[in-house]
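Reproduced below: model_24.cif, with mmCIF, C-alpha atoms.
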```cif
data_query
loop_
_atom_site.label_atom_id
_atom_site.label_comp_id
_atom_site.auth_asym_id
_atom_site.auth_seq_id
_atom_site.Cartn_x
_atom_site.Cartn_y
_atom_site.Cartn_z
CA MET C 1 -79.61 57.61 22.16
CA ARG C 2 -76.25 55.90 21.76
CA ARG C 3 -75.91 55.83 25.56
CA ALA C 4 -79.47 54.56 25.84
CA GLN C 5 -78.58 51.69 23.49
CA ASP C 6 -75.64 50.94 25.76
CA GLY C 7 -78.01 50.54 28.70
CA ASP C 8 -77.87 54.01 30.29
CA GLN C 9 -81.38 54.18 31.74
CA ALA C 10 -81.18 57.84 32.77
CA ALA C 11 -80.10 58.84 29.26
CA TYR C 12 -82.90 56.72 27.81
CA ARG C 13 -85.45 58.44 30.04
CA VAL C 14 -84.18 61.85 28.92
CA VAL C 15 -84.37 60.86 25.25
CA LEU C 16 -87.88 59.47 25.50
CA ARG C 17 -89.14 62.55 27.36
CA ALA C 18 -87.46 64.80 24.83
CA VAL C 19 -89.01 63.09 21.82
CA VAL C 20 -92.61 63.12 23.11
CA PRO C 21 -93.37 66.66 21.79
CA ALA C 22 -91.93 65.73 18.39
CA VAL C 23 -93.91 62.49 18.34
CA ARG C 24 -97.06 64.44 19.26
CA ALA C 25 -96.44 66.92 16.45
CA TYR C 26 -95.84 64.13 13.91
CA ALA C 27 -98.93 62.25 15.10
CA ARG C 28 -101.13 65.36 14.82
CA ARG C 29 -100.21 65.66 11.15
CA ARG C 30 -101.99 62.39 10.48
CA VAL C 31 -104.51 62.02 13.31
CA PHE C 32 -107.04 64.70 14.23
CA ASP C 33 -108.57 63.01 17.27
CA GLU C 34 -106.66 64.10 20.40
CA ILE C 35 -107.40 60.86 22.29
CA LEU C 36 -106.11 58.87 19.34
CA VAL C 37 -103.01 61.08 19.19
CA GLU C 38 -102.18 60.14 22.79
CA ASP C 39 -102.67 56.45 21.89
CA VAL C 40 -100.28 56.90 18.97
CA ILE C 41 -97.70 58.48 21.29
CA GLN C 42 -97.89 55.49 23.65
CA ASP C 43 -97.63 53.01 20.77
CA THR C 44 -94.69 54.95 19.36
CA LEU C 45 -92.85 54.94 22.70
CA LEU C 46 -93.37 51.17 22.98
CA THR C 47 -92.15 50.65 19.41
CA ILE C 48 -89.10 52.84 19.98
CA HIS C 49 -88.33 50.66 22.98
CA ARG C 50 -88.73 47.46 20.97
CA LEU C 51 -86.73 48.69 17.97
CA ARG C 52 -84.09 50.78 19.73
CA HIS C 53 -81.36 48.42 18.53
CA THR C 54 -82.19 49.33 14.91
CA TYR C 55 -81.31 53.01 15.38
CA ASP C 56 -78.01 53.93 13.77
CA PRO C 57 -76.29 56.58 15.95
CA ALA C 58 -74.49 57.89 12.89
CA ARG C 59 -77.81 59.08 11.50
CA PRO C 60 -80.14 61.81 12.81
CA LEU C 61 -82.70 60.61 15.34
CA LEU C 62 -85.80 62.48 14.20
CA PRO C 63 -86.32 60.78 10.80
CA TRP C 64 -86.18 57.44 12.62
CA ILE C 65 -88.74 58.67 15.18
CA ALA C 66 -90.91 60.17 12.44
CA ALA C 67 -91.00 56.89 10.51
CA ILE C 68 -92.08 54.97 13.62
CA THR C 69 -94.71 57.58 14.53
CA SER C 70 -96.07 57.58 11.00
CA ALA C 71 -96.42 53.79 10.97
CA ARG C 72 -98.10 53.77 14.37
CA ALA C 73 -100.47 56.57 13.34
CA VAL C 74 -101.52 54.62 10.25
CA ASP C 75 -102.08 51.52 12.40
CA ALA C 76 -104.17 53.54 14.87
CA LEU C 77 -106.28 55.02 12.07
CA ARG C 78 -106.84 51.54 10.60
CA ARG C 79 -107.87 50.17 14.00
CA HIS C 80 -110.12 53.17 14.60
CA GLY C 81 -111.71 52.77 11.17
CA ARG C 82 -112.33 49.07 11.76
CA SER C 83 -113.96 49.66 15.15
CA ARG C 84 -116.15 52.42 13.69
CA ARG C 85 -117.26 50.12 10.89
CA ARG C 86 -118.25 47.50 13.48
CA GLU C 87 -120.38 49.97 15.47
CA VAL C 88 -124.13 49.80 14.76
CA ALA C 89 -126.17 53.02 14.70
CA ASP C 90 -129.64 51.46 14.43
CA GLU C 91 -132.11 53.57 16.41
CA VAL C 92 -134.96 51.10 15.90
CA ALA C 93 -132.89 48.18 17.18
CA LEU C 94 -131.70 50.30 20.08
CA ALA C 95 -135.30 51.21 21.04
CA ALA C 96 -136.33 47.56 20.77
CA ALA C 97 -133.47 46.53 23.00
CA VAL C 98 -134.57 48.86 25.83
CA ASP C 99 -136.57 47.12 28.58
CA MET C 100 -139.54 49.50 29.01
CA ALA C 101 -140.67 47.79 32.24
CA ALA C 102 -137.29 48.45 33.78
CA LEU C 103 -137.47 52.04 32.58
CA GLU C 104 -140.91 52.53 34.18
CA THR C 105 -139.71 50.99 37.43
CA LEU C 106 -136.78 53.38 37.44
CA GLU C 107 -139.03 56.37 36.72
CA THR C 108 -141.48 55.33 39.45
CA ALA C 109 -138.68 54.88 41.92
CA GLY C 110 -137.34 58.30 40.99
CA ALA C 111 -140.72 59.95 41.35
CA ASP C 112 -141.33 58.25 44.71
CA GLN C 113 -137.98 59.48 45.91
CA THR C 114 -138.74 63.06 44.84
CA LEU C 115 -142.23 62.97 46.39
CA GLY C 116 -140.90 61.53 49.62
CA ARG C 117 -138.30 64.27 49.78
CA LEU C 118 -140.95 67.00 49.19
CA LEU C 119 -143.39 65.64 51.77
CA GLY C 120 -140.53 65.37 54.21
CA VAL C 121 -140.32 69.16 54.44
CA LEU C 122 -143.96 69.35 55.73
CA PRO C 123 -144.99 69.04 59.36
CA GLU C 124 -146.70 65.75 60.26
CA ARG C 125 -150.34 67.01 60.12
CA GLN C 126 -149.92 68.89 56.85
CA ARG C 127 -148.15 65.89 55.30
CA ARG C 128 -150.94 63.46 56.31
CA VAL C 129 -153.64 65.75 54.85
CA VAL C 130 -151.75 66.08 51.55
CA GLU C 131 -151.29 62.30 51.37
CA MET C 132 -155.01 61.69 51.94
CA VAL C 133 -156.31 64.30 49.48
CA LYS C 134 -153.68 64.21 46.74
CA LEU C 135 -152.19 60.74 46.84
CA ARG C 136 -155.12 58.63 48.05
CA GLU C 137 -157.58 60.96 46.22
CA MET C 138 -159.96 61.15 49.19
CA THR C 139 -162.63 63.83 49.29
CA LEU C 140 -162.26 66.69 51.77
CA ASP C 141 -165.10 65.22 53.84
CA ALA C 142 -163.49 61.75 53.99
CA ALA C 143 -160.13 63.28 54.88
CA ALA C 144 -161.79 65.37 57.59
CA ASP C 145 -163.52 62.27 59.00
CA GLU C 146 -160.35 60.19 59.06
CA SER C 147 -158.24 62.90 60.64
CA ARG C 148 -161.06 63.93 63.00
CA LEU C 149 -160.85 67.54 61.85
CA SER C 150 -163.35 69.90 60.36
CA VAL C 151 -163.44 70.36 56.59
CA GLY C 152 -162.29 73.96 57.09
CA ALA C 153 -159.29 72.79 59.12
CA VAL C 154 -158.37 70.31 56.39
CA LYS C 155 -158.61 73.09 53.78
CA SER C 156 -156.45 75.32 55.96
CA LEU C 157 -153.83 72.59 56.43
CA LEU C 158 -153.78 71.93 52.67
CA HIS C 159 -153.41 75.64 51.95
CA ARG C 160 -150.49 75.99 54.36
CA ALA C 161 -148.91 72.82 52.98
CA TYR C 162 -149.07 74.14 49.40
CA ALA C 163 -147.62 77.49 50.50
CA ARG C 164 -144.73 75.70 52.23
CA LEU C 165 -144.09 73.47 49.24
CA ARG C 166 -144.10 76.50 46.92
CA GLU C 167 -141.67 78.25 49.22
CA HIS C 168 -139.46 75.13 49.34
CA GLY C 169 -139.59 74.80 45.56
CA MET C 170 -138.50 78.41 45.08
CA HIS C 171 -135.55 77.88 47.43
CA SER C 172 -134.56 74.62 45.76
CA ASN C 173 -134.81 75.81 42.15
CA GLY C 174 -133.74 79.41 42.65
CA MET N 1 -102.68 66.08 27.02
CA VAL N 2 -101.83 62.79 28.71
CA ASP N 3 -98.74 62.52 30.87
CA HIS N 4 -96.59 59.71 29.47
CA ASP N 5 -93.96 59.92 32.20
CA ARG N 6 -95.09 56.73 33.94
CA LEU N 7 -94.74 54.72 30.74
CA ILE N 8 -91.37 56.34 30.03
CA ASP N 9 -90.17 55.53 33.55
CA ALA N 10 -91.32 51.92 33.18
CA LEU N 11 -89.58 51.57 29.79
CA SER N 12 -86.40 53.19 31.09
CA MET N 13 -86.23 50.84 34.05
CA THR N 14 -86.37 47.80 31.78
CA ALA N 15 -83.83 49.17 29.27
CA GLN N 16 -80.89 46.81 28.99
CA PRO N 17 -77.91 47.25 26.63
CA VAL N 18 -78.80 46.25 23.08
CA ARG N 19 -76.63 45.03 20.23
CA ARG N 20 -76.88 47.42 17.32
CA ILE N 21 -77.64 45.94 13.94
CA SER N 22 -75.05 45.81 11.18
CA PRO N 23 -75.56 47.72 7.93
CA ALA N 24 -78.00 46.12 5.51
CA TRP N 25 -75.30 45.14 3.00
CA ALA N 26 -73.29 43.38 5.72
CA ARG N 27 -76.34 41.44 6.85
CA ALA N 28 -77.15 40.48 3.27
CA LEU N 29 -73.56 39.37 2.78
CA MET N 30 -73.83 37.23 5.89
CA TRP N 31 -77.21 35.67 5.16
CA MET N 32 -76.85 35.13 1.41
CA PRO N 33 -74.31 32.28 1.71
CA VAL N 34 -76.51 30.67 4.36
CA ALA N 35 -79.53 30.87 2.07
CA LEU N 36 -77.57 29.57 -0.93
CA LEU N 37 -76.12 26.70 1.08
CA LEU N 38 -79.59 25.70 2.30
CA GLY N 39 -80.92 25.91 -1.26
CA TYR N 40 -78.05 23.80 -2.53
CA LEU N 41 -78.49 21.12 0.15
CA PHE N 42 -82.24 20.87 -0.27
CA THR N 43 -82.01 20.56 -4.08
CA ARG N 44 -79.25 17.94 -4.07
CA PRO N 45 -81.68 15.12 -4.92
CA LEU N 46 -82.78 17.17 -7.92
CA HIS N 47 -79.33 18.04 -9.27
CA ARG N 48 -78.53 17.15 -12.84
CA ALA N 49 -75.55 18.09 -14.98
CA ALA N 50 -77.42 20.01 -17.62
CA LEU N 51 -75.25 23.04 -18.28
CA ASP N 52 -72.60 22.42 -20.88
CA TRP N 53 -69.89 24.90 -19.93
CA SER N 54 -68.13 24.38 -23.27
CA ALA N 55 -71.21 25.09 -25.37
CA PRO N 56 -70.97 28.11 -27.68
CA ASN N 57 -73.76 29.96 -25.85
CA ALA N 58 -72.56 29.06 -22.34
CA GLY N 59 -71.66 32.73 -21.81
CA ILE N 60 -75.38 33.58 -21.79
CA ALA N 61 -76.03 31.04 -19.05
CA ILE N 62 -73.03 32.19 -17.00
CA ALA N 63 -74.10 35.81 -17.32
CA GLY N 64 -77.64 34.76 -16.33
CA ILE N 65 -76.35 33.02 -13.21
CA LEU N 66 -74.17 35.95 -12.17
CA LEU N 67 -76.94 38.46 -12.80
CA SER N 68 -79.43 36.32 -10.86
CA LEU N 69 -77.11 36.14 -7.87
CA ALA N 70 -76.40 39.89 -8.06
CA LEU N 71 -80.10 40.73 -8.29
CA GLY N 72 -80.83 38.34 -5.40
CA ALA N 73 -78.19 40.05 -3.28
CA GLY N 74 -79.49 43.50 -4.23
CA ALA N 75 -83.05 42.58 -3.38
CA LEU N 76 -81.96 41.19 -0.02
CA VAL N 77 -80.03 44.38 0.76
CA ALA N 78 -83.14 46.38 -0.16
CA ALA N 79 -85.33 44.14 2.04
CA PHE N 80 -83.00 44.57 5.02
CA THR N 81 -82.79 48.31 4.39
CA VAL N 82 -86.55 48.78 4.20
CA SER N 83 -86.99 46.84 7.42
CA VAL N 84 -85.22 49.58 9.40
CA ALA N 85 -87.39 52.59 10.29
CA GLY N 86 -86.61 55.70 8.31
CA SER N 87 -84.48 53.91 5.70
CA ALA N 88 -85.78 53.87 2.16
CA ALA N 89 -84.52 51.35 -0.38
CA ARG N 90 -83.88 53.07 -3.64
CA LEU N 91 -83.81 50.67 -6.54
CA ARG N 92 -80.84 52.42 -8.04
CA GLY N 93 -79.96 52.53 -11.68
CA GLY N 94 -77.50 49.65 -11.23
CA MET N 95 -80.25 47.31 -10.11
CA MET N 96 -82.51 48.34 -12.93
CA ALA N 97 -79.68 47.89 -15.43
CA ALA N 98 -78.89 44.45 -14.00
CA PHE N 99 -82.56 43.48 -14.27
CA ALA N 100 -82.68 44.67 -17.87
CA ALA N 101 -79.52 42.69 -18.64
CA TRP N 102 -81.05 39.63 -16.97
CA LEU N 103 -84.14 39.97 -19.19
CA VAL N 104 -81.87 40.25 -22.22
CA CYS N 105 -80.06 37.05 -21.15
CA ALA N 106 -83.42 35.31 -20.79
CA ALA N 107 -84.45 36.49 -24.25
CA LEU N 108 -81.13 35.26 -25.72
CA ALA N 109 -81.57 31.91 -23.97
CA ILE N 110 -85.05 31.60 -25.46
CA GLY N 111 -83.56 32.47 -28.84
CA ALA N 112 -80.90 29.79 -28.40
CA SER N 113 -83.51 27.12 -27.79
CA ALA N 114 -84.44 24.67 -30.53
CA HIS N 115 -88.12 25.26 -29.67
CA PRO N 116 -88.37 28.89 -28.48
CA ALA N 117 -92.10 28.84 -27.79
CA GLY N 118 -92.10 25.46 -26.05
CA LYS N 119 -95.21 23.57 -25.15
CA LEU N 120 -97.46 23.29 -22.13
CA GLY N 121 -96.06 21.05 -19.42
CA GLN N 122 -92.49 22.14 -19.99
CA GLY N 123 -90.66 23.67 -17.06
CA SER N 124 -92.15 21.52 -14.33
CA TYR N 125 -88.63 20.45 -13.29
CA CYS N 126 -87.53 24.08 -13.07
CA PHE N 127 -90.67 25.02 -11.14
CA THR N 128 -90.04 22.25 -8.61
CA PHE N 129 -86.33 23.07 -8.36
CA ILE N 130 -86.95 26.76 -7.68
CA LEU N 131 -89.57 26.01 -5.03
CA VAL N 132 -87.41 23.39 -3.30
CA ALA N 133 -84.41 25.73 -3.34
CA GLY N 134 -86.38 28.76 -2.23
CA LEU N 135 -88.45 27.37 0.63
CA PRO N 136 -85.52 26.81 3.04
CA MET N 137 -84.12 30.19 2.00
CA ILE N 138 -87.38 31.77 3.18
CA GLY N 139 -86.75 30.37 6.65
CA ALA N 140 -83.24 31.86 6.75
CA VAL N 141 -84.36 35.27 5.50
CA LEU N 142 -87.29 35.44 7.91
CA LEU N 143 -84.90 34.67 10.72
CA ALA N 144 -82.73 37.56 9.57
CA LEU N 145 -85.67 39.94 9.24
CA ARG N 146 -86.99 39.03 12.67
CA ARG N 147 -83.90 40.61 14.19
CA THR N 148 -84.93 44.06 13.00
CA ARG N 149 -88.62 43.46 12.37
CA SER N 150 -90.20 45.89 9.96
CA LEU N 151 -92.61 48.80 10.02
CA ALA N 152 -93.31 48.01 6.36
CA PRO N 153 -93.46 44.20 6.48
CA LEU N 154 -95.18 43.79 3.11
CA ARG N 155 -92.50 45.76 1.27
CA SER N 156 -89.64 44.07 3.13
CA LEU N 157 -91.07 40.60 2.55
CA ALA N 158 -91.91 41.20 -1.09
CA LEU N 159 -88.34 42.35 -1.72
CA ALA N 160 -86.98 39.41 0.27
CA GLY N 161 -89.22 37.01 -1.67
CA GLY N 162 -87.99 38.48 -4.95
CA GLY N 163 -84.40 38.13 -3.77
CA ILE N 164 -84.99 34.50 -2.84
CA GLY N 165 -86.48 33.92 -6.29
CA PHE N 166 -83.37 35.33 -7.97
CA LEU N 167 -81.01 33.32 -5.74
CA SER N 168 -82.97 30.21 -6.70
CA PHE N 169 -82.61 31.17 -10.38
CA GLY N 170 -78.86 31.36 -9.76
CA LEU N 171 -78.79 27.83 -8.36
CA LEU N 172 -81.01 26.53 -11.12
CA GLY N 173 -78.65 27.95 -13.73
CA PHE N 174 -76.10 25.26 -12.85
CA CYS N 175 -78.59 22.51 -13.72
CA HIS N 176 -80.24 24.11 -16.71
CA PRO N 177 -79.36 23.93 -20.40
CA VAL N 178 -78.39 27.19 -22.08
CA GLY N 179 -81.54 27.33 -24.16
CA MET N 180 -84.97 27.60 -22.63
CA SER N 181 -88.44 27.94 -24.04
CA ALA N 182 -90.85 30.77 -23.29
CA VAL N 183 -93.08 28.34 -21.39
CA ASP N 184 -90.07 27.26 -19.33
CA PHE N 185 -89.27 30.90 -18.58
CA ALA N 186 -92.89 31.51 -17.57
CA MET N 187 -92.61 28.59 -15.15
CA HIS N 188 -89.46 30.14 -13.67
CA LEU N 189 -91.32 33.39 -13.09
CA ALA N 190 -94.36 31.57 -11.68
CA ALA N 191 -92.16 29.76 -9.17
CA ALA N 192 -90.48 33.01 -8.12
CA LEU N 193 -93.90 34.62 -7.71
CA ALA N 194 -95.02 31.67 -5.59
CA LEU N 195 -91.93 32.09 -3.40
CA ALA N 196 -92.64 35.79 -2.95
CA ILE N 197 -96.24 35.06 -1.99
CA VAL N 198 -95.19 32.36 0.48
CA THR N 199 -92.57 34.69 1.97
CA VAL N 200 -95.16 37.42 2.52
CA ALA N 201 -97.75 34.98 3.88
CA LEU N 202 -95.38 33.25 6.28
CA GLY N 203 -93.50 36.32 7.41
CA ARG N 204 -96.15 38.96 7.77
CA ALA N 205 -96.95 38.24 11.39
CA ALA N 206 -93.42 37.18 12.31
CA VAL N 207 -91.71 40.27 10.95
CA ALA N 208 -94.19 43.07 11.65
CA ALA N 209 -92.88 45.54 14.23
#
```
Please go through the file and, once you have read it, give me the structure as structure tokens.
Amino acid sequence: MRRAQDGDQAAYRVVLRAVVPAVRAYARRRVFDEILVEDVIQDTLLTIHRLRHTYDPARPLLPWIAAITSARAVDALRRHGRSRRREVADEVALAAAVDMAALETLETAGADQTLGRLLGVLPERQRRVVEMVKLREMTLDAAADESRLSVGAVKSLLHRAYARLREHGMHSNG
Amino acid sequence: MVDHDRLIDALSMTAQPVRRISPAWARALMWMPVALLLGYLFTRPLHRAALDWSAPNAGIAIAGILLSLALGAGALVAAFTVSVAGSAARLRGGMMAAFAAWLVCAALAIGASAHPAGKLGQGSYCFTFILVAGLPMIGAVLLALRRTRSLAPLRSLALAGGGIGFLSFGLLGFCHPVGMSAVDFAMHLAAALALAIVTVALGRAAVAA
């Protein structure tokens, strides 16, 4: 550390790297949140840098480091406590703040996307029959008229479409 | 675990040689004359020849002045010591004994007064003198503390404020009669307390590490 105070950058780097485990151990004695511990280590390194001229080389280094770490840990806990006090855990207010229209739009868009992906696995004729009967809620007769098929053929197409979708669903979901 | 090597590399690259600080007693010895000189200069318009050095009880006043200056120096040493990380200021027995002796001197001075209790309104001169002497001293001491900054700024500043109060008492002793009333003494203490509060209020942000 004496050489670091004299401007030896390599020695300073070695010292700082060497003290990190000690700083972490000191910080963990006061702070139990690992993310906060890492913040304390960074603050401590910055403080060591700012106060390095106050270190007396005639004295042991670790008590000096421990005092800085302890002060920075207390500061971090105070900051953390203040930010937690400012946080609002009001479920009613949170529910009121949610835009339900936006939520519905998102859900609709999601459902449309899923449906489009499912219908995409069907051949053209099967897909059209499913759209008419299930999405447009047409009767089998109306669907048969529009597609110029017999009612039996429509039923057969629907049956094959369902079987394919079931098979696709089993593959997709395991 | 986060890797702090990038920060360490950045700090290392900006590390220039630094001038180590002197021991706390040496810094106090350097800054105390500066503070006293400032106090003396600022209170010059208020000076009055009130202490009769040939009076029978002048010894009490002289002892009071010396003890005030010693306690002021001790408190400044403690303030500078506390400002360095890992150094604890122990108010040793000597300081406590000096404080007790100072209280005894104050009690004797009250006893030597023609009106020991005094009356309300007394001591306004002393109050003003102590404040006028102490305020420029605060500037000097804050300048000294800024060099080291402090991880315990409240403790450092409270000790420094107390030291400034005692140094101001020392200066006041030269312009004060031997006897003083209890009300006068209370005004002395109130002024010292005000100085300590102002020191903490002004220095908290400036001195915090």
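Going from CA of Phe166 in chain N over to CA of Leu189 in chain N, you cover 9.7 Å.
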Using only C-alpha atoms, what table do you get, as CSV, when you list each residue of chain N with an atom no more than 12 Å from chain C, its nearest pair of atoms, and their distance in Å rounded to one decimal, rows by chain then rising number?
```
residue,atom,partner,partner_atom,distance
N:Met1,CA,C:Glu38,CA,7.3
N:Val2,CA,C:Glu38,CA,6.5
N:Asp3,CA,C:Glu38,CA,9.1
N:His4,CA,C:Gln42,CA,7.3
N:Asp5,CA,C:Arg17,CA,7.3
N:Arg6,CA,C:Arg13,CA,10.5
N:Leu7,CA,C:Gln42,CA,7.8
N:Ile8,CA,C:Arg13,CA,6.3
N:Asp9,CA,C:Arg13,CA,6.6
N:Ala10,CA,C:Arg13,CA,9.3
N:Leu11,CA,C:His49,CA,7.0
N:Ser12,CA,C:Gln9,CA,5.2
N:Met13,CA,C:Gln9,CA,6.3
N:Thr14,CA,C:Gln9,CA,8.1
N:Ala15,CA,C:Gly7,CA,6.0
N:Gln16,CA,C:Gly7,CA,4.7
N:Pro17,CA,C:Gly7,CA,3.9
N:Val18,CA,C:Gln5,CA,5.5
N:Arg19,CA,C:His53,CA,6.1
N:Arg20,CA,C:His53,CA,4.7
N:Ile21,CA,C:Thr54,CA,5.8
N:Ser22,CA,C:Thr54,CA,8.8
N:Pro23,CA,C:Asp56,CA,8.9
N:Ala24,CA,C:Thr54,CA,10.8
N:Phe80,CA,C:Thr54,CA,11.0
N:Thr81,CA,C:Thr54,CA,10.6
N:Val82,CA,C:Ala67,CA,11.2
N:Ser83,CA,C:Thr54,CA,9.2
N:Val84,CA,C:Thr54,CA,6.3
N:Ala85,CA,C:Trp64,CA,5.5
N:Gly86,CA,C:Trp64,CA,4.7
N:Ser87,CA,C:Trp64,CA,8.0
N:Ala88,CA,C:Ala67,CA,10.3
N:Leu145,CA,C:Thr54,CA,11.5
N:Arg146,CA,C:Leu51,CA,11.0
N:Arg147,CA,C:Thr54,CA,8.9
N:Thr148,CA,C:Thr54,CA,6.2
N:Arg149,CA,C:Leu51,CA,7.9
N:Ser150,CA,C:Leu51,CA,9.2
N:Leu151,CA,C:Ala71,CA,6.3
N:Ala152,CA,C:Ala71,CA,8.0
N:Pro153,CA,C:Ala71,CA,11.0
N:Ala208,CA,C:Ala71,CA,11.0
N:Ala209,CA,C:Thr47,CA,7.3
```
Inset, instruction - For CA of Ser113 in chain N and CA of Pro56 in chain N, quote the distance in Å rounded to one decimal. - result: 12.6 Å
Legend entry - Computed interatomic separation between CA of Trp53 in chain N and CA of Ala191 in chain N (Å): 25.2 Å
Inset, instruction - Compare N:Leu157, N:Tyr125, N:Leu167, N:Gly94 by their minimum atom-to-atom distance to Ala144 in chain N, counting all atoms listed in the file, and give me the closest one. - result: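 Residue with the minimum atom-to-atom distance to Ala144 in chain N: N:Leu157.
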Inset, instruction - Tell me which residues the PyMOL selection byres ((chain N and resi 175) around 8) grabs here, as a VMD selection string. - result: chain N and resid 47 to 51 171 to 174 176 to 177
Keeping only C-alpha atoms, take the residues you just selected and write them out as a PDB file, keeping the file's coordinate frame.
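Output below, filename out33.pdb:
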```
ATOM      1  CA  HIS N  47     -79.330  18.040  -9.270  1.00  0.00           C
ATOM      2  CA  ARG N  48     -78.530  17.150 -12.840  1.00  0.00           C
ATOM      3  CA  ALA N  49     -75.550  18.090 -14.980  1.00  0.00           C
ATOM      4  CA  ALA N  50     -77.420  20.010 -17.620  1.00  0.00           C
ATOM      5  CA  LEU N  51     -75.250  23.040 -18.280  1.00  0.00           C
ATOM      6  CA  LEU N 171     -78.790  27.830  -8.360  1.00  0.00           C
ATOM      7  CA  LEU N 172     -81.010  26.530 -11.120  1.00  0.00           C
ATOM      8  CA  GLY N 173     -78.650  27.950 -13.730  1.00  0.00           C
ATOM      9  CA  PHE N 174     -76.100  25.260 -12.850  1.00  0.00           C
ATOM     10  CA  HIS N 176     -80.240  24.110 -16.710  1.00  0.00           C
ATOM     11  CA  PRO N 177     -79.360  23.930 -20.400  1.00  0.00           C
TER      12      PRO N 177
END
```
Legend entry - 12 Å contact set for range 152-165 of chain C, only C-alpha atoms, chain neighbours under 3 positions out, as a ChimeraX atom specification: /C:115,117-134,138-149,168-173
Answer key for the PyMOL selection byres ((chain N and resi 126) around 10), residues as a tab-separated table (two decimals) with C-alpha atoms, in the coordinates of the input:
```tsv
chain	number	residue	atom	x	y	z
N	46	LEU	CA	-82.78	17.17	-7.92
N	122	GLN	CA	-92.49	22.14	-19.99
N	123	GLY	CA	-90.66	23.67	-17.06
N	124	SER	CA	-92.15	21.52	-14.33
N	125	TYR	CA	-88.63	20.45	-13.29
N	127	PHE	CA	-90.67	25.02	-11.14
N	128	THR	CA	-90.04	22.25	-8.61
N	129	PHE	CA	-86.33	23.07	-8.36
N	130	ILE	CA	-86.95	26.76	-7.68
N	131	LEU	CA	-89.57	26.01	-5.03
N	132	VAL	CA	-87.41	23.39	-3.30
N	168	SER	CA	-82.97	30.21	-6.70
N	169	PHE	CA	-82.61	31.17	-10.38
N	172	LEU	CA	-81.01	26.53	-11.12
N	173	GLY	CA	-78.65	27.95	-13.73
N	175	CYS	CA	-78.59	22.51	-13.72
N	176	HIS	CA	-80.24	24.11	-16.71
N	184	ASP	CA	-90.07	27.26	-19.33
N	185	PHE	CA	-89.27	30.90	-18.58
N	187	MET	CA	-92.61	28.59	-15.15
N	188	HIS	CA	-89.46	30.14	-13.67
N	191	ALA	CA	-92.16	29.76	-9.17
```
Quick one: 4 Å padding each side, axis-aligned, all listed atoms of range 27-44 of chain N - centre and edge lengths in Å to one decimal, as AutoDock Vina command-line options?
```
--center_x -77.9 --center_y 29.7 --center_z 1.4 --size_x 16.7 --size_y 31.5 --size_z 18.9
```
Inset, instruction - Excluding Met96 in chain N and residues on its chain fewer than 6 positions from it, collect all residues at most 12 Å away from it, counting all atoms listed in the file, and give them as an MDAnalysis selection string. - result: chainID N and resid 67 70:71 74:75 90 102:103
Legend entry - Residues within 10 Å of Leu36 in chain N, only C-alpha atoms, excluding chain neighbours under 6 positions, as a list of chain:residue names: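 Everything that qualifies: N:Phe42, N:Leu69, N:Ala133, N:Gly134, N:Pro136, N:Met137, N:Ala140, N:Ile164, N:Leu167, N:Ser168, N:Gly170, N:Leu171.
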Inset, instruction - Could you check which of C:Met1, C:Asp33, C:Ala22, C:Val74 is closest to Ala58 in chain C, using only C-alpha atoms? - result: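 Smallest separation from Ala58 in chain C among the options: C:Met1.
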Inset, instruction - Go through N:Ala79, N:Met180, N:Ala97, N:Leu154 one by one, measure the shortest atom-to-atom distance of each to Ala114 in chain N using all atoms listed in the file, and give the residue with the smallest value. - result: N:Met180
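Minimum distance to His115 in chain N across N:Ala205, N:Leu41, N:Gly179, N:Ala89 (counting only C-alpha atoms) occurs at N:Gly179.
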Legend entry - Matched chain/residue IDs from the PyMOL selection byres ((chain N and resi 59) around 12), as a list in words: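 In the shown coordinates, the PyMOL selection byres ((chain N and resi 59) around 12) covers Leu51, Asp52, Trp53, Ser54, Ala55, Pro56, Asn57, Ala58, Ile60, Ala61, Ile62, Ala63, Gly64, Ile65, Leu66, Leu67, Cys105, Leu108, Ala109, Ala112, Gly173, Pro177, Val178 and Gly179 of chain N.
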How would range 12-18 of chain C read, as a JSON list (two decimals), in the frame of the given file, once N, CA and C atoms are built in?
```
[["chain", "number", "residue", "atom", "x", "y", "z"],
["C", 12, "TYR", "N", -81.73, 57.21, 28.57],
["C", 12, "TYR", "CA", -82.90, 56.72, 27.81],
["C", 12, "TYR", "C", -84.15, 57.48, 28.22],
["C", 13, "ARG", "N", -84.29, 57.70, 29.55],
["C", 13, "ARG", "CA", -85.45, 58.44, 30.04],
["C", 13, "ARG", "C", -85.45, 59.86, 29.46],
["C", 14, "VAL", "N", -84.29, 60.48, 29.44],
["C", 14, "VAL", "CA", -84.18, 61.85, 28.92],
["C", 14, "VAL", "C", -84.57, 61.88, 27.44],
["C", 15, "VAL", "N", -84.07, 60.89, 26.69],
["C", 15, "VAL", "CA", -84.37, 60.86, 25.25],
["C", 15, "VAL", "C", -85.87, 60.68, 25.02],
["C", 16, "LEU", "N", -86.46, 59.73, 25.73],
["C", 16, "LEU", "CA", -87.88, 59.47, 25.50],
["C", 16, "LEU", "C", -88.73, 60.70, 25.86],
["C", 17, "ARG", "N", -88.38, 61.34, 26.98],
["C", 17, "ARG", "CA", -89.14, 62.55, 27.36],
["C", 17, "ARG", "C", -88.94, 63.65, 26.32],
["C", 18, "ALA", "N", -87.75, 63.73, 25.80],
["C", 18, "ALA", "CA", -87.46, 64.80, 24.83],
["C", 18, "ALA", "C", -88.18, 64.58, 23.51]]
```
